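This is protein-v7.txt. It holds compact mmCIF, C-alpha atoms.
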# COMPACT_ATOMS: atom_id res chain seq x y z
CA MET A 1 0.00 0.00 0.00
CA PRO A 2 1.18 3.55 -0.73
CA SER A 3 2.04 5.76 2.23
CA MET A 4 -0.94 7.61 3.67
CA SER A 5 1.17 10.60 4.82
CA ASN A 6 0.16 12.54 1.68
CA ALA A 7 -3.40 11.46 0.94
CA PHE A 8 -4.53 11.62 -2.69
CA VAL A 9 -8.17 12.08 -1.62
CA LYS A 10 -9.11 13.45 1.77
CA PHE A 11 -12.47 14.01 3.47
CA SER A 12 -12.07 16.39 6.42
CA ASN A 13 -14.97 16.59 8.92
CA VAL A 14 -17.50 16.19 6.10
CA GLN A 15 -21.20 16.22 6.91
CA LYS A 16 -24.22 16.09 4.62
CA THR A 17 -27.87 16.79 5.30
CA TYR A 18 -30.67 17.25 2.80
CA ASP A 19 -33.33 18.62 5.16
CA GLY A 20 -31.19 20.56 7.60
CA GLU A 21 -31.89 18.10 10.40
CA ALA A 22 -30.98 14.46 9.72
CA LEU A 23 -27.32 13.87 8.80
CA VAL A 24 -26.87 11.40 5.95
CA VAL A 25 -23.07 11.57 6.39
CA LYS A 26 -21.76 12.33 9.89
CA ASN A 27 -18.38 13.97 10.44
CA LEU A 28 -16.53 11.86 7.86
CA ASN A 29 -12.73 11.81 8.01
CA LEU A 30 -11.21 9.56 5.36
CA GLU A 31 -7.92 9.45 3.47
CA ILE A 32 -7.41 7.51 0.24
CA ALA A 33 -3.94 6.82 -1.15
CA ARG A 34 -2.90 7.32 -4.75
CA GLY A 35 -3.33 4.08 -6.67
CA GLU A 36 -5.60 2.55 -4.04
CA PHE A 37 -8.80 0.59 -4.71
CA LEU A 38 -11.11 1.63 -1.89
CA THR A 39 -14.63 0.28 -1.62
CA MET A 40 -17.44 1.95 0.29
CA LEU A 41 -19.67 -0.86 1.49
CA GLY A 42 -22.92 -0.71 3.39
CA PRO A 43 -26.69 -1.16 3.32
CA SER A 44 -29.08 1.20 1.53
CA GLY A 45 -29.21 4.58 3.24
CA SER A 46 -25.85 4.16 4.99
CA GLY A 47 -24.28 7.23 3.34
CA LYS A 48 -21.87 5.53 0.94
CA THR A 49 -23.42 6.78 -2.32
CA THR A 50 -23.87 10.29 -0.93
CA THR A 51 -20.17 10.29 -0.06
CA LEU A 52 -19.29 9.24 -3.62
CA MET A 53 -21.58 11.91 -5.12
CA MET A 54 -19.89 14.60 -2.99
CA LEU A 55 -16.49 13.44 -4.26
CA ALA A 56 -17.79 13.52 -7.84
CA GLY A 57 -19.19 17.04 -7.37
CA PHE A 58 -22.87 16.16 -7.87
CA GLU A 59 -23.56 16.93 -4.20
CA ALA A 60 -21.96 19.56 -1.96
CA PRO A 61 -20.92 18.95 1.66
CA THR A 62 -23.06 20.72 4.23
CA HIS A 63 -19.98 21.02 6.42
CA GLY A 64 -16.29 20.19 6.05
CA SER A 65 -14.08 19.94 2.98
CA ILE A 66 -12.94 17.43 0.36
CA PHE A 67 -9.41 17.58 -1.02
CA LEU A 68 -7.92 16.07 -4.19
CA GLU A 69 -4.13 16.17 -4.28
CA ASP A 70 -4.12 18.71 -1.43
CA ARG A 71 -6.49 21.05 -3.29
CA SER A 72 -9.97 21.78 -1.99
CA ILE A 73 -12.53 20.81 -4.63
CA ASP A 74 -15.60 22.00 -2.71
CA ARG A 75 -16.38 24.72 -5.27
CA MET A 76 -15.00 22.94 -8.32
CA PRO A 77 -17.67 21.81 -10.84
CA PRO A 78 -17.75 18.07 -11.71
CA HIS A 79 -16.39 18.47 -15.25
CA LYS A 80 -13.23 20.16 -13.96
CA ARG A 81 -12.32 17.52 -11.37
CA ASP A 82 -10.75 15.17 -13.92
CA ILE A 83 -12.70 12.23 -12.48
CA GLY A 84 -14.02 9.25 -14.45
CA MET A 85 -17.48 7.91 -13.51
CA VAL A 86 -19.06 4.50 -14.07
CA PHE A 87 -22.74 4.05 -13.20
CA GLN A 88 -24.94 1.00 -12.75
CA ASN A 89 -27.15 1.96 -15.70
CA TYR A 90 -24.10 2.51 -17.98
CA ALA A 91 -25.35 5.99 -19.06
CA LEU A 92 -24.27 5.42 -22.67
CA PHE A 93 -25.64 7.59 -25.51
CA PRO A 94 -27.87 5.17 -27.49
CA HIS A 95 -27.65 7.16 -30.75
CA MET A 96 -23.84 7.09 -30.76
CA THR A 97 -21.48 4.28 -31.68
CA VAL A 98 -19.12 2.85 -29.09
CA ALA A 99 -16.26 4.96 -30.46
CA GLU A 100 -18.44 8.10 -30.46
CA ASN A 101 -19.39 7.47 -26.84
CA LEU A 102 -15.71 7.34 -25.94
CA ALA A 103 -14.96 10.41 -28.06
CA PHE A 104 -17.46 12.58 -26.17
CA PRO A 105 -15.36 13.28 -23.04
CA LEU A 106 -12.34 13.89 -25.31
CA LYS A 107 -14.26 16.51 -27.35
CA VAL A 108 -15.24 18.26 -24.12
CA ARG A 109 -11.51 18.44 -23.33
CA LYS A 110 -10.78 19.66 -26.89
CA LEU A 111 -8.31 16.89 -27.78
CA GLY A 112 -7.16 16.69 -31.39
CA ARG A 113 -8.59 14.03 -33.66
CA ALA A 114 -5.43 11.92 -33.95
CA GLU A 115 -4.84 11.93 -30.21
CA ALA A 116 -8.50 11.10 -29.59
CA GLU A 117 -8.40 8.12 -31.94
CA THR A 118 -5.26 6.81 -30.23
CA ARG A 119 -6.86 7.05 -26.81
CA ILE A 120 -10.14 5.47 -27.95
CA LYS A 121 -8.30 2.50 -29.43
CA ARG A 122 -6.20 2.10 -26.29
CA ALA A 123 -9.23 2.28 -23.99
CA LEU A 124 -11.21 -0.26 -26.04
CA ASP A 125 -8.23 -2.61 -26.15
CA THR A 126 -7.93 -2.31 -22.37
CA VAL A 127 -11.50 -3.63 -21.93
CA ARG A 128 -11.10 -6.17 -24.77
CA LEU A 129 -13.57 -4.47 -27.14
CA GLY A 130 -11.15 -3.31 -29.82
CA ALA A 131 -13.37 -4.62 -32.64
CA TYR A 132 -16.61 -3.07 -31.35
CA GLY A 133 -16.03 0.64 -32.03
CA THR A 134 -18.64 0.92 -34.81
CA ARG A 135 -21.47 -0.79 -32.89
CA ARG A 136 -24.20 0.96 -30.98
CA PRO A 137 -25.03 0.18 -27.32
CA ALA A 138 -28.24 -1.67 -28.29
CA GLN A 139 -26.13 -4.16 -30.25
CA LEU A 140 -24.10 -5.11 -27.18
CA SER A 141 -24.74 -7.41 -24.24
CA GLY A 142 -25.00 -6.02 -20.71
CA GLY A 143 -21.43 -7.02 -19.94
CA GLN A 144 -20.15 -5.38 -23.13
CA GLN A 145 -22.05 -2.18 -22.37
CA GLN A 146 -20.48 -2.10 -18.92
CA ARG A 147 -17.04 -2.48 -20.51
CA VAL A 148 -17.79 0.46 -22.80
CA ALA A 149 -18.85 2.55 -19.80
CA LEU A 150 -15.58 1.62 -18.11
CA ALA A 151 -13.57 2.46 -21.23
CA ARG A 152 -15.28 5.86 -21.46
CA ALA A 153 -14.32 6.56 -17.84
CA LEU A 154 -10.69 5.67 -18.63
CA VAL A 155 -10.27 7.23 -22.07
CA PHE A 156 -9.17 10.69 -20.90
CA ASP A 157 -6.59 9.24 -18.47
CA PRO A 158 -8.23 10.40 -15.23
CA THR A 159 -6.28 10.18 -12.01
CA LEU A 160 -9.39 9.02 -10.15
CA VAL A 161 -12.27 6.73 -11.20
CA LEU A 162 -15.53 6.50 -9.24
CA MET A 163 -17.85 3.52 -9.65
CA ASP A 164 -21.39 3.48 -8.25
CA GLU A 165 -22.81 -0.07 -8.11
CA PRO A 166 -21.46 -0.67 -11.64
CA LEU A 167 -22.17 -4.43 -11.72
CA GLY A 168 -25.59 -4.46 -10.08
CA ALA A 169 -27.49 -5.07 -13.33
CA LEU A 170 -25.43 -8.11 -14.39
CA ASP A 171 -26.13 -11.78 -13.67
CA LYS A 172 -24.04 -13.60 -11.09
CA GLN A 173 -21.54 -15.28 -13.41
CA LEU A 174 -20.93 -12.15 -15.51
CA ARG A 175 -20.72 -10.01 -12.38
CA GLU A 176 -17.97 -12.23 -10.96
CA GLN A 177 -16.10 -12.12 -14.28
CA MET A 178 -16.31 -8.32 -14.40
CA GLN A 179 -15.09 -8.04 -10.80
CA LEU A 180 -11.82 -9.67 -11.79
CA GLU A 181 -11.53 -7.65 -14.99
CA ILE A 182 -11.95 -4.34 -13.15
CA LYS A 183 -9.47 -5.49 -10.50
CA HIS A 184 -6.88 -6.40 -13.15
CA ILE A 185 -7.40 -3.12 -15.04
CA HIS A 186 -6.84 -1.23 -11.80
CA GLU A 187 -3.63 -3.17 -11.16
CA ASP A 188 -2.36 -2.67 -14.71
CA LEU A 189 -3.08 1.07 -14.94
CA GLY A 190 -2.33 2.02 -11.35
CA ILE A 191 -5.31 4.38 -11.18
CA THR A 192 -7.11 5.31 -7.96
CA VAL A 193 -10.58 3.75 -7.72
CA VAL A 194 -13.38 4.53 -5.27
CA TYR A 195 -16.08 1.91 -5.59
CA VAL A 196 -19.56 1.78 -4.03
CA THR A 197 -21.47 -1.46 -3.48
CA HIS A 198 -23.77 -3.20 -1.03
CA ASP A 199 -22.39 -6.61 -2.08
CA GLN A 200 -19.85 -7.75 0.52
CA GLY A 201 -18.51 -10.53 -1.72
CA GLU A 202 -17.76 -7.98 -4.41
CA ALA A 203 -15.97 -5.75 -1.92
CA LEU A 204 -13.86 -8.60 -0.55
CA THR A 205 -12.83 -9.68 -4.06
CA MET A 206 -11.74 -6.34 -5.47
CA SER A 207 -10.55 -3.97 -2.76
CA ASP A 208 -7.29 -2.90 -1.18
CA ARG A 209 -9.34 -1.50 1.70
CA ILE A 210 -13.03 -1.45 2.56
CA ALA A 211 -14.89 1.29 4.44
CA VAL A 212 -17.99 -0.25 6.01
CA PHE A 213 -20.70 2.40 6.31
CA ASN A 214 -23.78 2.38 8.53
CA ASP A 215 -25.95 5.27 9.63
CA GLY A 216 -23.66 7.80 7.97
CA ILE A 217 -20.56 6.63 9.83
CA ILE A 218 -17.61 4.42 8.85
CA GLN A 219 -17.91 1.51 11.26
CA GLN A 220 -14.56 -0.01 10.28
CA LEU A 221 -11.91 0.69 7.65
CA ALA A 222 -9.50 -2.12 6.86
CA ALA A 223 -8.18 -4.58 4.29
CA PRO A 224 -10.63 -7.34 3.26
CA ALA A 225 -8.97 -10.12 5.27
CA GLU A 226 -8.77 -7.87 8.34
CA LEU A 227 -12.47 -7.06 8.13
CA TYR A 228 -13.50 -10.66 7.70
CA GLU A 229 -11.17 -12.19 10.27
CA ARG A 230 -11.19 -9.40 12.83
CA PRO A 231 -14.45 -7.41 12.80
CA GLN A 232 -14.53 -4.77 15.53
CA SER A 233 -18.30 -4.55 15.99
CA ALA A 234 -21.38 -6.73 15.82
CA PHE A 235 -22.59 -4.79 12.76
CA VAL A 236 -19.40 -5.41 10.77
CA ALA A 237 -19.29 -9.08 11.80
CA GLN A 238 -22.84 -9.57 10.56
CA PHE A 239 -22.49 -7.51 7.37
CA ILE A 240 -19.21 -9.04 6.20
CA GLY A 241 -19.72 -12.73 5.57
CA GLU A 242 -21.82 -15.05 7.68
CA ASN A 243 -21.53 -15.64 11.39
CA ASN A 244 -23.26 -17.37 14.27
CA ARG A 245 -24.36 -14.99 17.01
CA LEU A 246 -24.65 -16.04 20.62
CA ARG A 247 -25.95 -13.53 23.15
CA GLY A 248 -24.65 -13.75 26.67
CA THR A 249 -23.20 -11.94 29.65
CA VAL A 250 -19.51 -11.35 30.34
CA VAL A 251 -18.54 -13.26 33.48
CA THR A 252 -14.81 -12.65 33.70
CA MET A 253 -12.19 -10.71 31.74
CA ASN A 254 -8.52 -11.63 31.56
CA GLY A 255 -6.57 -9.29 29.30
CA ALA A 256 -7.36 -10.10 25.69
CA THR A 257 -9.76 -12.93 26.54
CA CYS A 258 -13.01 -13.25 28.43
CA GLN A 259 -15.61 -15.77 29.50
CA ALA A 260 -19.28 -15.24 28.72
CA GLU A 261 -22.26 -17.16 30.00
CA ILE A 262 -24.82 -18.23 27.41
CA PRO A 263 -28.29 -18.87 28.92
CA GLY A 264 -29.01 -22.60 29.05
CA ALA A 265 -25.62 -23.49 27.56
CA GLY A 266 -22.85 -22.52 29.95
CA ILE A 267 -19.52 -20.72 29.66
CA VAL A 268 -17.95 -19.75 26.33
CA HIS A 269 -14.29 -18.70 26.06
CA ALA A 270 -13.70 -15.86 23.59
CA LEU A 271 -11.52 -12.94 22.58
CA ALA A 272 -12.57 -9.71 24.30
CA ILE A 273 -12.81 -7.36 21.31
CA ASN A 274 -15.52 -4.82 22.07
CA VAL A 275 -16.89 -5.50 25.55
CA GLU A 276 -17.47 -3.11 28.43
CA ALA A 277 -16.84 -5.11 31.60
CA ALA A 278 -17.82 -8.20 33.57
CA GLY A 279 -21.55 -8.28 34.14
CA ARG A 280 -22.33 -6.52 30.86
CA PRO A 281 -24.12 -8.10 27.87
CA THR A 282 -22.15 -9.17 24.82
CA LEU A 283 -22.69 -10.73 21.42
CA LEU A 284 -20.34 -13.56 20.49
CA SER A 285 -19.48 -13.82 16.79
CA LEU A 286 -18.30 -17.11 15.29
CA ARG A 287 -17.80 -17.95 11.60
CA PRO A 288 -19.50 -21.21 10.52
CA GLU A 289 -16.32 -22.50 8.86
CA ARG A 290 -14.45 -22.21 12.18
CA VAL A 291 -16.78 -24.65 13.95
CA MET A 292 -15.54 -28.25 14.24
CA LEU A 293 -17.92 -31.17 14.13
CA ASN A 294 -17.53 -33.87 16.81
CA PRO A 295 -14.11 -32.72 18.08
CA VAL A 296 -12.09 -34.99 20.33
CA PRO A 297 -13.19 -34.28 23.94
CA GLY A 298 -10.79 -32.00 25.78
CA THR A 299 -9.06 -30.67 22.67
CA LEU A 300 -11.00 -27.38 22.52
CA PRO A 301 -12.07 -24.94 25.23
CA ASN A 302 -15.57 -24.69 23.78
CA ILE A 303 -17.43 -27.96 23.15
CA PHE A 304 -21.23 -28.24 23.29
CA SER A 305 -23.78 -30.95 22.57
CA GLY A 306 -26.38 -30.41 19.88
CA ARG A 307 -28.55 -32.03 17.26
CA VAL A 308 -28.57 -31.69 13.47
CA SER A 309 -31.79 -30.05 12.27
CA GLU A 310 -31.12 -29.78 8.53
CA LEU A 311 -28.48 -30.42 5.88
CA ILE A 312 -28.24 -28.26 2.75
CA TYR A 313 -26.02 -29.45 -0.10
CA LEU A 314 -24.23 -26.55 -1.85
CA GLY A 315 -21.68 -28.35 -4.00
CA ASP A 316 -18.34 -27.39 -2.48
CA HIS A 317 -19.70 -27.60 1.07
CA VAL A 318 -22.66 -28.78 3.12
CA ARG A 319 -24.43 -26.42 5.49
CA ALA A 320 -25.55 -28.12 8.66
CA ARG A 321 -28.18 -26.29 10.70
CA VAL A 322 -27.75 -27.34 14.28
CA SER A 323 -29.71 -26.84 17.51
CA VAL A 324 -27.07 -25.97 20.10
CA CYS A 325 -26.51 -23.49 22.94
CA GLY A 326 -30.21 -22.65 22.93
CA HIS A 327 -30.17 -21.65 19.25
CA ASP A 328 -31.94 -23.54 16.48
CA ASP A 329 -30.18 -21.77 13.61
CA PHE A 330 -26.53 -22.39 14.46
CA ILE A 331 -24.68 -23.04 11.18
CA VAL A 332 -21.72 -25.34 10.60
CA LYS A 333 -20.01 -25.43 7.20
CA LEU A 334 -18.71 -28.86 6.27
CA PRO A 335 -16.34 -28.97 3.26
CA ASN A 336 -17.39 -31.46 0.63
CA SER A 337 -14.18 -33.46 0.56
CA GLU A 338 -13.11 -37.02 1.17
CA GLY A 339 -12.62 -37.80 4.82
CA VAL A 340 -15.14 -35.28 6.13
CA ALA A 341 -17.47 -36.84 8.68
CA ARG A 342 -21.00 -37.43 7.43
CA VAL A 343 -24.04 -36.75 9.57
CA GLU A 344 -27.78 -37.12 9.09
CA PRO A 345 -30.66 -34.87 10.15
CA GLY A 346 -31.67 -35.71 13.70
CA ALA A 347 -28.21 -37.00 14.66
CA ALA A 348 -26.83 -36.07 18.08
CA ILE A 349 -23.46 -34.35 17.69
CA THR A 350 -20.99 -32.09 19.44
CA VAL A 351 -19.58 -28.88 18.05
CA GLY A 352 -16.48 -27.03 19.19
CA TRP A 353 -14.30 -24.06 18.45
CA LYS A 354 -11.16 -22.27 19.57
CA ALA A 355 -11.39 -19.26 21.87
CA GLU A 356 -9.50 -17.12 19.34
CA ASP A 357 -12.14 -17.87 16.67
CA CYS A 358 -14.93 -16.50 18.85
CA ARG A 359 -15.13 -12.71 19.23
CA ALA A 360 -16.95 -11.01 22.08
CA LEU A 361 -18.44 -7.83 20.59
CA ASP A 362 -20.89 -5.09 21.51
CA ALA A 363 -24.39 -6.30 22.33
CA SER A 364 -26.12 -4.15 19.66

Before we go any further, please render this structure as structure tokens.
Amino acid sequence: MPSMSNAFVKFSNVQKTYDGEALVVKNLNLEIARGEFLTMLGPSGSGKTTTLMMLAGFEAPTHGSIFLEDRSIDRMPPHKRDIGMVFQNYALFPHMTVAENLAFPLKVRKLGRAEAETRIKRALDTVRLGAYGTRRPAQLSGGQQQRVALARALVFDPTLVLMDEPLGALDKQLREQMQLEIKHIHEDLGITVVYVTHDQGEALTMSDRIAVFNDGIIQQLAAPAELYERPQSAFVAQFIGENNRLRGTVVTMNGATCQAEIPGAGIVHALAINVEAAGRPTLLSLRPERVMLNPVPGTLPNIFSGRVSELIYLGDHVRARVSVCGHDDFIVKLPNSEGVARVEPGAAITVGWKAEDCRALDAS
């Protein structure tokens, strides 16, 4: 990662309200490095798209400032910010050919014809559509149209590209293919990308860092593996990936670890990540793939008896829904590989996990 000492993009105490009362974005402070792929992830209404629109210049901050290369861009109109934009609906001109769509931002910048043709060819080759310059958008598939929209955002060599849910209209297989293509284009060109999505799988696949938004606030900002493996709040743990949640009360705390009592189940050993003190409620977060089925007694600090309620075959793994610790929807992921123990619905089992795989978080 580039050094963050001289941020390429900087939000300084930025707030946004539309009605003068409710803040859609609350006191945002965020720095983005040159060449970084940063994703803003969160549910609808969390403030991520508003943040992107303020950076693009389509919305103005109510309070605070936004800087691009140490220059305030608060009063700079969108067309002078030298920012490429890619939207979910492609926003292509239907009456223009692919090449004409790419030529439009170059005409606005008054580039000569020869230079424009060179850039158009280079941009189309980058997205593997070199032979499609004479076609119109209606003659292209959804994936091809999205590539054209991406090429148009790149054709004038912007230093920053913003993408607002660009793959939301594509089917699953094509969306996954485009995720990798965008990631590789970013790596090859070294451009700075700010990407907005509500799809956590998409964010994990593509990003250098992810800013998880909720209620107008960044809940956690970290690399994908850090977010998944070490969520700092119950919201982030639930929003990134899947996890089992056990509600209990902190009984004892011992440095980085704690013990929590689960009603009707007993004591669970966990990492004390975001807990107040002994006697306070907590939510324990545990990834389904970290749960072991029928572990050898005494080998793990957390072992509990349960019963298999349902098995769901998903190809590469089997999801076992288990009744355990007073919960009927406890999930265990069993890899579909030779040597993995087989169970049947109704079977009595034990499940276990390491203390370091269980995170004691806030009780929200």

Next item on the list: Just the residues within 7 Å of region 188-205 of chain A, please, counting all atoms listed in the file, with nothing from its chain fewer than 5 positions along; format it as JSON, numbers by chain.
Entry: {"A": [34, 35, 36, 37, 38, 39, 40, 41, 42, 43, 48, 49, 159, 160, 161, 162, 163, 164, 165, 179, 210, 224, 240]}

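Distances to Leu246 (chain A) were evaluated for A:Ala278, A:Leu361, A:Val318, A:Ile273 using all atoms listed in the file, and the minimum falls at A:Leu361.
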
Check: What is the distance, in Å and to one decimal place, between CA of Gly306 (chain A) and CA of Val322 (chain A)?
Finding: 6.5 Å

Please determine an axis-aligned box that encloses all atoms of region 17-31 of chain A listed in the file, with 8 Å added on each side, and express its centre and edge lengths in Å to one decimal as AutoDock Vina command-line options.
--center_x -20.6 --center_y 15.0 --center_z 6.6 --size_x 41.4 --size_y 27.1 --size_z 23.6

Next item on the list: Between A:Thr97, A:Thr249, A:Gly352, A:Gln139, single out the one closest to Gly298 (chain A), counting all atoms listed in the file.
Entry: A:Gly352

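Take the candidates A:Pro105, A:Pro61, A:Gly346, A:Gly133 and check each one against Gln145 (chain A) using all atoms listed in the file; the shortest distance goes to A:Gly133.
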
Check: Counting only C-alpha atoms, what is within 9 Å of Asp362 (chain A), bar same-chain residues fewer than 4 positions away, as JSON, numbers by chain?
Finding: {"A": [232, 233, 234, 235, 273, 274, 275, 276, 281, 282, 283, 284]}

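The coordinates place CA of Val24 (chain A) at 7.4 Å from CA of Ser46 (chain A).
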
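Residues of protein, DNA and RNA with at least one atom no farther than 8 Å from (-12.1, 5.8, -21.5) are, using all atoms listed in the file, Leu102, Arg119, Ile120, Ala123, Leu124, Val148, Ala149, Leu150, Ala151, Arg152, Ala153, Leu154, Val155, Phe156 and Asp157 of chain A.
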
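Taking all atoms listed in the file into account, Gln146 (chain A) lies nearest to A:Arg128 out of the set A:Arg113, A:Arg128, A:Lys16, A:Lys26.
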
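The residue that comes closest to Ala169 (chain A), out of A:Tyr313, A:Phe213, A:Phe87, A:Phe93 and on the basis of only C-alpha atoms, is A:Phe87.
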